>>> print(open('start-v2.csv').read())   # CSV, C-alpha atoms
chain,number,residue,atom,x,y,z
A,1128,MET,CA,123.8,107.6,102.2
A,1129,LYS,CA,125.2,110.3,99.8
A,1130,ALA,CA,122.0,112.3,99.6
A,1131,ARG,CA,121.9,115.6,101.5
A,1132,GLY,CA,120.1,115.3,104.8
A,1133,MET,CA,119.5,111.5,104.6
A,1134,GLU,CA,120.9,108.4,106.0
A,1135,VAL,CA,119.9,104.7,105.9
A,1136,ALA,CA,118.8,103.7,109.4
A,1137,GLY,CA,117.6,100.1,109.0
A,1138,ALA,CA,117.0,97.3,106.5
A,1139,VAL,CA,114.3,94.5,106.5
A,1140,ASP,CA,114.2,91.4,104.4
A,1141,THR,CA,113.6,87.7,104.5
A,1142,GLN,CA,116.9,87.1,102.7
A,1143,PHE,CA,120.5,87.9,103.6
A,1144,VAL,CA,119.5,88.2,107.3
A,1145,GLY,CA,122.4,89.3,109.4
A,1146,GLN,CA,124.5,90.6,106.5
A,1147,ASP,CA,125.4,94.2,106.2
A,1148,ILE,CA,123.2,96.2,103.9
A,1149,GLY,CA,126.2,98.2,102.6
A,1150,LYS,CA,127.9,95.0,101.5
A,1151,ILE,CA,124.8,93.7,99.8
A,1152,CYS,CA,124.5,96.9,97.9
A,1153,ASP,CA,128.2,96.8,96.8
A,1154,MET,CA,129.0,100.1,98.6
A,1155,GLU,CA,132.6,101.0,99.2
A,1156,GLU,CA,132.3,100.4,103.0
A,1157,ASP,CA,130.0,98.4,105.2
A,1158,LEU,CA,127.3,100.6,106.9
A,1159,GLU,CA,127.2,98.5,110.1
A,1160,ILE,CA,123.5,98.0,109.5
A,1161,PRO,CA,122.5,94.3,109.5
A,1162,ILE,CA,119.5,93.1,107.6
A,1163,ILE,CA,116.8,92.0,110.1
A,1164,ASN,CA,113.7,89.9,109.4
A,1165,ASP,CA,111.6,91.9,111.8
A,1166,LEU,CA,109.9,95.1,110.7
A,1167,THR,CA,108.5,95.9,114.1
A,1168,MET,CA,112.0,95.7,115.7
A,1169,VAL,CA,113.6,98.0,113.1
A,1170,LEU,CA,110.7,100.5,113.3
A,1171,GLY,CA,110.9,100.6,117.1
A,1172,SER,CA,114.6,101.3,117.0
A,1173,ILE,CA,114.4,104.1,114.4
A,1174,SER,CA,111.4,105.7,116.1
A,1175,GLN,CA,113.7,106.7,119.1
A,1176,SER,CA,115.4,109.2,116.8
A,1177,LYS,CA,114.0,112.8,116.5
A,1178,ALA,CA,114.6,112.9,112.8
A,1179,ASN,CA,111.8,112.4,110.3
A,1180,GLY,CA,111.4,108.7,109.5
A,1181,VAL,CA,110.4,107.4,106.0
A,1182,VAL,CA,109.9,103.7,105.3
A,1183,VAL,CA,110.6,102.7,101.7
A,1184,HIS,CA,108.5,99.6,100.8
A,1185,LEU,CA,109.9,97.4,98.1
A,1186,THR,CA,107.8,94.3,98.9
A,1187,GLU,CA,105.0,92.0,98.0
A,1188,PRO,CA,101.5,93.5,97.3
A,1189,SER,CA,99.9,91.1,99.8
A,1190,THR,CA,101.8,92.6,102.8
A,1191,ILE,CA,101.9,96.3,101.9
A,1192,TYR,CA,98.7,97.3,103.8
A,1193,ASP,CA,99.9,95.9,107.1
A,1194,ASP,CA,103.4,97.2,106.6
A,1195,VAL,CA,102.2,100.8,106.0
A,1196,LYS,CA,100.0,100.5,109.1
A,1197,GLN,CA,103.0,99.4,111.1
A,1198,ALA,CA,105.1,102.3,109.9
A,1199,THR,CA,102.2,104.7,110.7
A,1200,ALA,CA,101.9,103.3,114.2
A,1201,PHE,CA,105.6,104.3,114.8
A,1202,GLY,CA,105.0,107.8,113.3
A,1203,MET,CA,106.7,107.2,110.0
A,1204,LYS,CA,105.7,108.2,106.5
A,1205,SER,CA,105.8,105.6,103.7
A,1206,VAL,CA,107.0,105.5,100.1
A,1207,VAL,CA,105.5,102.5,98.3
A,1208,TYR,CA,107.1,101.1,95.1
A,1209,VAL,CA,105.1,98.0,94.4
A,1210,PRO,CA,104.4,98.0,90.6
A,1211,LYS,CA,101.6,95.3,90.7
A,1212,LEU,CA,99.7,96.9,93.6
A,1213,GLN,CA,96.0,96.6,93.1
A,1214,LEU,CA,93.8,99.7,93.1
A,1215,ASP,CA,91.5,98.4,95.8
A,1216,THR,CA,94.6,98.2,98.1
A,1217,VAL,CA,95.5,101.7,97.1
A,1218,SER,CA,92.0,102.9,98.0
A,1219,ALA,CA,92.2,101.1,101.4
A,1220,LEU,CA,95.5,102.7,102.1
A,1221,SER,CA,94.2,106.1,101.1
A,1222,MET,CA,91.3,105.8,103.5
A,1223,PHE,CA,93.7,104.7,106.3
A,1224,CYS,CA,96.2,107.5,105.7
A,1225,GLU,CA,93.4,110.1,105.6
A,1226,LYS,CA,92.1,109.0,109.0
A,1227,ALA,CA,95.6,108.8,110.5
A,1228,SER,CA,96.7,112.1,108.8
A,1229,MET,CA,99.9,110.3,107.7
A,1230,GLY,CA,101.7,110.8,104.5
A,1231,CYS,CA,102.2,108.0,102.0
A,1232,LEU,CA,103.4,108.1,98.4
A,1233,VAL,CA,102.4,105.2,96.2
A,1234,ALA,CA,104.6,105.1,93.0
A,1235,PRO,CA,103.9,102.6,90.3
A,1236,THR,CA,107.3,103.6,89.0
A,1237,LEU,CA,110.2,105.5,90.5
A,1238,SER,CA,111.9,106.2,87.1
A,1239,ILE,CA,111.5,109.8,86.2
A,1240,GLY,CA,112.0,109.0,82.5
A,1241,SER,CA,109.1,106.4,82.7
A,1242,VAL,CA,106.8,109.0,84.3
A,1243,LEU,CA,107.7,111.5,81.5
A,1244,LEU,CA,107.0,108.9,78.9
A,1245,GLN,CA,103.5,108.3,80.3
A,1246,GLN,CA,102.7,112.0,80.5
A,1247,ALA,CA,103.8,112.5,76.9
A,1248,ALA,CA,101.7,109.5,75.8
A,1249,ILE,CA,98.6,111.0,77.5
A,1250,SER,CA,99.2,114.3,75.6
A,1251,ALA,CA,99.7,112.6,72.3
A,1252,SER,CA,96.6,110.4,72.7
A,1253,PHE,CA,94.3,113.4,72.1
A,1254,HIS,CA,95.8,113.9,68.7
A,1255,TYR,CA,96.2,110.4,67.2
A,1256,SER,CA,93.8,107.6,66.5
A,1257,ASN,CA,96.3,104.8,66.1
A,1258,VAL,CA,98.6,103.6,68.9
A,1259,GLU,CA,100.8,100.6,69.6
A,1260,ILE,CA,103.0,99.9,72.6
A,1261,VAL,CA,106.2,98.0,72.0
A,1262,GLU,CA,108.4,96.8,74.9
A,1263,SER,CA,111.6,94.8,75.0
A,1264,ARG,CA,113.0,93.0,78.0
A,1265,PRO,CA,115.9,90.6,78.6
A,1266,ASN,CA,113.7,88.0,80.3
A,1267,ALA,CA,110.1,86.9,80.0
A,1268,SER,CA,108.8,87.6,83.5
A,1269,ASP,CA,105.6,89.5,84.1
A,1270,LEU,CA,104.4,90.4,80.5
A,1271,PRO,CA,102.9,92.7,79.5
A,1272,THR,CA,104.9,94.7,82.1
A,1273,PRO,CA,103.3,97.0,84.6
A,1274,ASP,CA,104.7,100.0,82.7
A,1275,ALA,CA,102.9,98.9,79.5
A,1276,VAL,CA,99.6,98.3,81.4
A,1277,GLN,CA,99.9,101.7,83.1
A,1278,ILE,CA,100.4,103.5,79.8
A,1279,ALA,CA,97.4,101.6,78.3
A,1280,ASN,CA,95.3,102.6,81.3
A,1281,ASN,CA,96.4,106.2,81.1
A,1282,ILE,CA,95.4,106.6,77.5
A,1283,SER,CA,92.1,104.7,77.8
A,1284,ASP,CA,88.7,106.0,78.8
A,1285,LEU,CA,89.5,109.4,77.2
A,1286,GLY,CA,86.8,109.2,74.6
A,1287,GLN,CA,89.2,107.8,72.0
A,1288,LEU,CA,88.9,104.4,70.2
A,1289,TYR,CA,92.2,103.4,68.7
A,1290,ASN,CA,93.2,101.3,65.7
A,1291,ARG,CA,89.7,101.2,64.2
A,1292,GLU,CA,90.9,99.6,61.0
A,1293,ASP,CA,91.6,96.2,62.6
A,1294,LEU,CA,90.0,96.6,66.0
A,1295,GLU,CA,88.4,93.1,65.8
A,1296,THR,CA,91.3,91.2,64.4
A,1297,ASP,CA,92.2,88.0,66.1
A,1298,VAL,CA,95.6,87.6,64.5
A,1299,LYS,CA,98.0,86.9,67.4
A,1300,ALA,CA,100.9,88.6,65.7
A,1301,ARG,CA,99.0,91.9,66.0
A,1302,GLY,CA,99.6,91.9,69.8
A,1303,GLN,CA,97.5,91.8,72.9
A,1304,VAL,CA,94.7,94.4,73.3
A,1305,LEU,CA,94.8,96.0,76.7
A,1306,GLY,CA,91.5,97.5,77.9
A,1307,ASP,CA,88.4,98.3,75.8
A,1308,ASP,CA,89.8,101.1,73.6
A,1309,GLY,CA,92.0,99.1,71.3
A,1310,VAL,CA,95.4,99.8,72.7
A,1311,ARG,CA,97.8,97.0,71.6
A,1312,VAL,CA,101.0,95.9,73.2
A,1313,HIS,CA,103.8,93.8,71.7
A,1314,SER,CA,106.5,92.3,74.0
A,1315,LEU,CA,109.9,91.4,72.6
A,1316,VAL,CA,112.0,89.1,74.8
A,1317,LEU,CA,115.7,88.4,74.1
A,1318,PRO,CA,118.6,87.9,76.5
A,1319,GLY,CA,120.9,90.9,76.3
A,1320,LEU,CA,118.2,93.4,75.3
A,1321,THR,CA,117.9,96.7,77.1
A,1322,SER,CA,114.6,97.2,79.0
A,1323,SER,CA,112.8,99.5,76.7
A,1324,THR,CA,109.3,100.9,76.2
A,1325,SER,CA,108.1,102.7,73.1
A,1326,VAL,CA,104.7,104.1,72.3
A,1327,HIS,CA,104.0,104.6,68.6
A,1328,PHE,CA,101.2,107.0,67.5
A,1329,SER,CA,100.2,107.6,63.9
A,1330,GLY,CA,97.9,110.0,62.1
A,1331,PRO,CA,97.5,111.2,58.4
A,1332,GLY,CA,101.0,111.4,57.0
A,1333,GLU,CA,103.0,111.1,60.2
A,1334,VAL,CA,104.2,108.7,62.9
A,1335,TYR,CA,105.0,110.0,66.4
A,1336,THR,CA,107.2,107.7,68.6
A,1337,ILE,CA,108.3,108.2,72.2
A,1338,LYS,CA,110.7,105.9,73.8
A,1339,HIS,CA,112.3,105.2,77.2
A,1340,ASP,CA,115.3,102.9,77.9
A,1341,ILE,CA,116.5,101.6,81.2
A,1342,THR,CA,120.2,100.7,81.2
A,1343,ASN,CA,120.7,100.4,85.0
A,1344,VAL,CA,118.5,100.1,88.1
A,1345,GLN,CA,120.2,103.3,89.3
A,1346,CYS,CA,117.6,105.1,87.3
A,1347,LEU,CA,115.2,104.6,90.2
A,1348,MET,CA,117.3,106.6,92.7
A,1349,PRO,CA,116.5,110.2,91.6
A,1350,GLY,CA,112.8,109.4,91.8
A,1351,LEU,CA,113.2,107.6,95.1
A,1352,LEU,CA,115.1,110.6,96.7
A,1353,LEU,CA,112.4,113.0,95.3
A,1354,ALA,CA,109.7,110.8,96.8
A,1355,ILE,CA,111.3,110.7,100.2
A,1356,ARG,CA,111.7,114.5,100.3
A,1357,LYS,CA,108.1,115.1,99.3
A,1358,VAL,CA,106.4,112.5,101.5
A,1359,VAL,CA,107.6,114.0,104.7
A,1360,ARG,CA,105.3,117.0,104.0
A,1361,LEU,CA,102.2,114.9,103.2
A,1362,LYS,CA,99.3,114.1,105.5
A,1363,ASN,CA,97.5,111.9,103.1
A,1364,LEU,CA,98.1,109.4,100.3
A,1365,VAL,CA,99.3,110.6,96.9
A,1366,TYR,CA,99.4,108.2,93.9
A,1367,GLY,CA,102.0,108.7,91.3
A,1368,LEU,CA,105.4,110.4,91.3
A,1369,GLU,CA,104.2,112.7,88.5
A,1370,LYS,CA,102.4,114.8,91.1
A,1371,PHE,CA,105.8,116.2,92.1
A,1372,LEU,CA,107.4,116.7,88.7
>>> encode(input="start-v2.csv", output="structure tokens")
Amino acid sequence: MKARGMEVAGAVDTQFVGQDIGKICDMEEDLEIPIINDLTMVLGSISQSKANGVVVHLTEPSTIYDDVKQATAFGMKSVVYVPKLQLDTVSALSMFCEKASMGCLVAPTLSIGSVLLQQAAISASFHYSNVEIVESRPNASDLPTPDAVQIANNISDLGQLYNREDLETDVKARGQVLGDDGVRVHSLVLPGLTSSTSVHFSGPGEVYTIKHDITNVQCLMPGLLLAIRKVVRLKNLVYGLEKFL
């Protein structure tokens, strides 16, 4: 609501139905926009406006394909932030958006810091033969996290085999191996911890560490606003916020 040229026009959820979205988000004033459990109704109402419409999808992976199709039917672009979205669903969405000439941005993360961490890890992977991912979280849901899996995927299949010295070890304390190139991840869970992701590389005589901490969910907002501004110009699907950094 405070971003230049933007306004919230509708809200859809299966929870808090009927409550004002401004109140749910702890804004200073109510927005007089009630949460509705009917995507079609909200899209139909917004489509009457002449302004560019963008639907931000923060939902379950199982519904995202149909939700994007609905948004497209009403002439609206989509920003999809569903971290566990399967690549076959992304491929299907890409084909659909190509045929419909409709823009869609699928972002595994909206945190700009997280994207920069992943880019730095890719650059470092060409120079080091040992790597470990260490993540900390305040609760034990969904481990290893999508962020760790994404980093491991990004630095795999690049012709590099990591951690050759103990590649075959079955010691559990050495962490979980992600992929076929020896990338290990360690997940630390303690109430009160900051959500943090570190990637540790080492070579002869040196250790290179890159780290990203999330202290508040507000870290997603700059990336979300960037995604909204960029998707209105697209006529196909783009995967990853890094394409616009």
>>> closest_residue(input="start-v2.csv", among="A:Ala1251, A:Ile1278, A:Leu1352, A:Ser1263", to="Thr1336 of chain A", atoms="only C-alpha atoms")
A:Ala1251
>>> closest_residue(input="start-v2.csv", among="A:Pro1265, A:Pro1273, A:Pro1349, A:Gly1171", to="Thr1321 of chain A", atoms="all atoms listed in the file")
A:Pro1265
>>> closest_residue(input="start-v2.csv", among="A:Ala1198, A:Ile1337, A:Ala1234, A:Leu1320", to="Leu1170 of chain A", atoms="only C-alpha atoms")
A:Ala1198
>>> closest_atom_pairs(input="start-v2.csv", of="segment 1321-1361 of chain A", to="segment 1288-1300 of chain A", cutoff="12 Å", atoms="all atoms listed in the file", output="CSV")
residue,atom,partner,partner_atom,distance
A:His1327,CA,A:Asn1290,CA,11.7
A:Phe1328,CA,A:Tyr1289,CA,9.8
A:Ser1329,CA,A:Asn1290,CA,9.6
A:Gly1330,CA,A:Asn1290,CA,10.5
>>> atom_distance(input="start-v2.csv", atom1="atom CA of Thr1236 of chain A", atom2="atom CA of Ala1354 of chain A")
10.9 Å
>>> residues_near_point(input="start-v2.csv", point="(107.5, 119.7, 90.7)", cutoff="12 Å", atoms="only C-alpha atoms", output="list of chain:residue names")
A:Ile1239, A:Gly1350, A:Leu1353, A:Ala1354, A:Arg1356, A:Lys1357, A:Leu1368, A:Glu1369, A:Lys1370, A:Phe1371, A:Leu1372
>>> atom_distance(input="start-v2.csv", atom1="atom CA of Ile1151 of chain A", atom2="atom CA of Ala1138 of chain A")
10.9 Å
>>> closest_residue(input="start-v2.csv", among="A:Met1128, A:Leu1270, A:Leu1237, A:Ala1248", to="Ser1283 of chain A", atoms="all atoms listed in the file")
A:Ala1248
>>> residues_around(input="start-v2.csv", residues="segment 1360-1366 of chain A", least_positions_apart="3", cutoff="10 Å", atoms="only C-alpha atoms", output="compact mmCIF listing (two decimals) with C-alpha atoms, in the frame of the given file")
# COMPACT_ATOMS: atom_id res chain seq x y z
CA LYS A 1204 105.70 108.20 106.50
CA SER A 1205 105.80 105.60 103.70
CA VAL A 1206 107.00 105.50 100.10
CA VAL A 1207 105.50 102.50 98.30
CA VAL A 1217 95.50 101.70 97.10
CA SER A 1218 92.00 102.90 98.00
CA LEU A 1220 95.50 102.70 102.10
CA SER A 1221 94.20 106.10 101.10
CA MET A 1222 91.30 105.80 103.50
CA PHE A 1223 93.70 104.70 106.30
CA CYS A 1224 96.20 107.50 105.70
CA GLU A 1225 93.40 110.10 105.60
CA LYS A 1226 92.10 109.00 109.00
CA ALA A 1227 95.60 108.80 110.50
CA SER A 1228 96.70 112.10 108.80
CA MET A 1229 99.90 110.30 107.70
CA GLY A 1230 101.70 110.80 104.50
CA CYS A 1231 102.20 108.00 102.00
CA LEU A 1232 103.40 108.10 98.40
CA VAL A 1233 102.40 105.20 96.20
CA ALA A 1234 104.60 105.10 93.00
CA PRO A 1235 103.90 102.60 90.30
CA ILE A 1355 111.30 110.70 100.20
CA ARG A 1356 111.70 114.50 100.30
CA LYS A 1357 108.10 115.10 99.30
CA GLU A 1369 104.20 112.70 88.50
CA LYS A 1370 102.40 114.80 91.10
CA PHE A 1371 105.80 116.20 92.10
>>> atom_distance(input="start-v2.csv", atom1="atom CA of Val1182 of chain A", atom2="atom CA of Gln1213 of chain A")
19.8 Å
>>> closest_residue(input="start-v2.csv", among="A:Ile1341, A:Val1276, A:Leu1305, A:Val1144", to="Asn1164 of chain A", atoms="only C-alpha atoms")
A:Val1144
>>> closest_residue(input="start-v2.csv", among="A:Phe1201, A:Ser1238, A:Tyr1255, A:Asp1147", to="Asn1343 of chain A", atoms="only C-alpha atoms")
A:Ser1238
>>> residues_around(input="start-v2.csv", residues="Asp1165 of chain A", least_positions_apart="2", cutoff="10 Å", atoms="all atoms listed in the file", output="ChimeraX atom specification")
/A:1138-1141,1144,1162-1163,1167-1170
>>> residues_around(input="start-v2.csv", residues="Pro1331 of chain A", least_positions_apart="4", cutoff="12 Å", atoms="only C-alpha atoms", output="list in words")
His1254, Tyr1255, Ser1256, Asn1257 and Tyr1335 of chain A
>>> build_atoms(input="start-v2.csv", residues="segment 1333-1358 of chain A", atoms="N, CA and C atoms", output="tab-separated table (two decimals), in the frame of the given file")
chain	number	residue	atom	x	y	z
A	1333	GLU	N	101.94	110.97	59.20
A	1333	GLU	CA	103.00	111.10	60.20
A	1333	GLU	C	102.94	109.97	61.23
A	1334	VAL	N	104.11	109.66	61.80
A	1334	VAL	CA	104.20	108.70	62.90
A	1334	VAL	C	104.96	109.43	64.05
A	1335	TYR	N	104.42	109.37	65.24
A	1335	TYR	CA	105.00	110.00	66.40
A	1335	TYR	C	105.42	108.89	67.39
A	1336	THR	N	106.72	108.80	67.74
A	1336	THR	CA	107.20	107.70	68.60
A	1336	THR	C	107.91	108.35	69.83
A	1337	ILE	N	107.56	107.85	71.01
A	1337	ILE	CA	108.30	108.20	72.20
A	1337	ILE	C	108.82	106.96	72.86
A	1338	LYS	N	110.03	107.06	73.40
A	1338	LYS	CA	110.70	105.90	73.80
A	1338	LYS	C	111.50	106.13	75.12
A	1339	HIS	N	111.57	105.11	75.96
A	1339	HIS	CA	112.30	105.20	77.20
A	1339	HIS	C	113.12	103.92	77.39
A	1340	ASP	N	114.43	104.05	77.61
A	1340	ASP	CA	115.30	102.90	77.90
A	1340	ASP	C	115.82	102.94	79.29
A	1341	ILE	N	115.89	101.78	79.92
A	1341	ILE	CA	116.50	101.60	81.20
A	1341	ILE	C	117.76	100.81	81.07
A	1342	THR	N	118.89	101.40	81.38
A	1342	THR	CA	120.20	100.70	81.20
A	1342	THR	C	120.71	100.21	82.57
A	1343	ASN	N	120.19	100.76	83.69
A	1343	ASN	CA	120.70	100.40	85.00
A	1343	ASN	C	119.62	100.69	86.04
A	1344	VAL	N	119.52	99.87	87.06
A	1344	VAL	CA	118.50	100.10	88.10
A	1344	VAL	C	118.76	101.38	88.88
A	1345	GLN	N	119.94	101.98	88.70
A	1345	GLN	CA	120.20	103.30	89.30
A	1345	GLN	C	119.25	104.36	88.86
A	1346	CYS	N	118.56	104.12	87.76
A	1346	CYS	CA	117.60	105.10	87.30
A	1346	CYS	C	116.47	105.35	88.26
A	1347	LEU	N	116.27	104.43	89.21
A	1347	LEU	CA	115.20	104.60	90.20
A	1347	LEU	C	115.59	105.55	91.32
A	1348	MET	N	116.88	105.80	91.51
A	1348	MET	CA	117.30	106.60	92.70
A	1348	MET	C	116.90	108.03	92.68
A	1349	PRO	N	117.02	108.79	91.58
A	1349	PRO	CA	116.50	110.20	91.60
A	1349	PRO	C	115.07	110.29	92.00
A	1350	GLY	N	114.26	109.39	91.44
A	1350	GLY	CA	112.80	109.40	91.80
A	1350	GLY	C	112.59	109.01	93.21
A	1351	LEU	N	113.36	108.06	93.73
A	1351	LEU	CA	113.20	107.60	95.10
A	1351	LEU	C	113.57	108.79	96.07
A	1352	LEU	N	114.67	109.47	95.81
A	1352	LEU	CA	115.10	110.60	96.70
A	1352	LEU	C	114.01	111.70	96.62
A	1353	LEU	N	113.47	111.97	95.44
A	1353	LEU	CA	112.40	113.00	95.30
A	1353	LEU	C	111.19	112.56	96.13
A	1354	ALA	N	110.81	111.28	96.03
A	1354	ALA	CA	109.70	110.80	96.80
A	1354	ALA	C	109.85	110.93	98.28
A	1355	ILE	N	111.04	110.60	98.77
A	1355	ILE	CA	111.30	110.70	100.20
A	1355	ILE	C	111.22	112.16	100.66
A	1356	ARG	N	111.77	113.08	99.88
A	1356	ARG	CA	111.70	114.50	100.30
A	1356	ARG	C	110.31	115.04	100.28
A	1357	LYS	N	109.47	114.56	99.38
A	1357	LYS	CA	108.10	115.10	99.30
A	1357	LYS	C	107.17	114.45	100.31
A	1358	VAL	N	107.35	113.17	100.61
A	1358	VAL	CA	106.40	112.50	101.50
A	1358	VAL	C	106.41	113.00	102.89
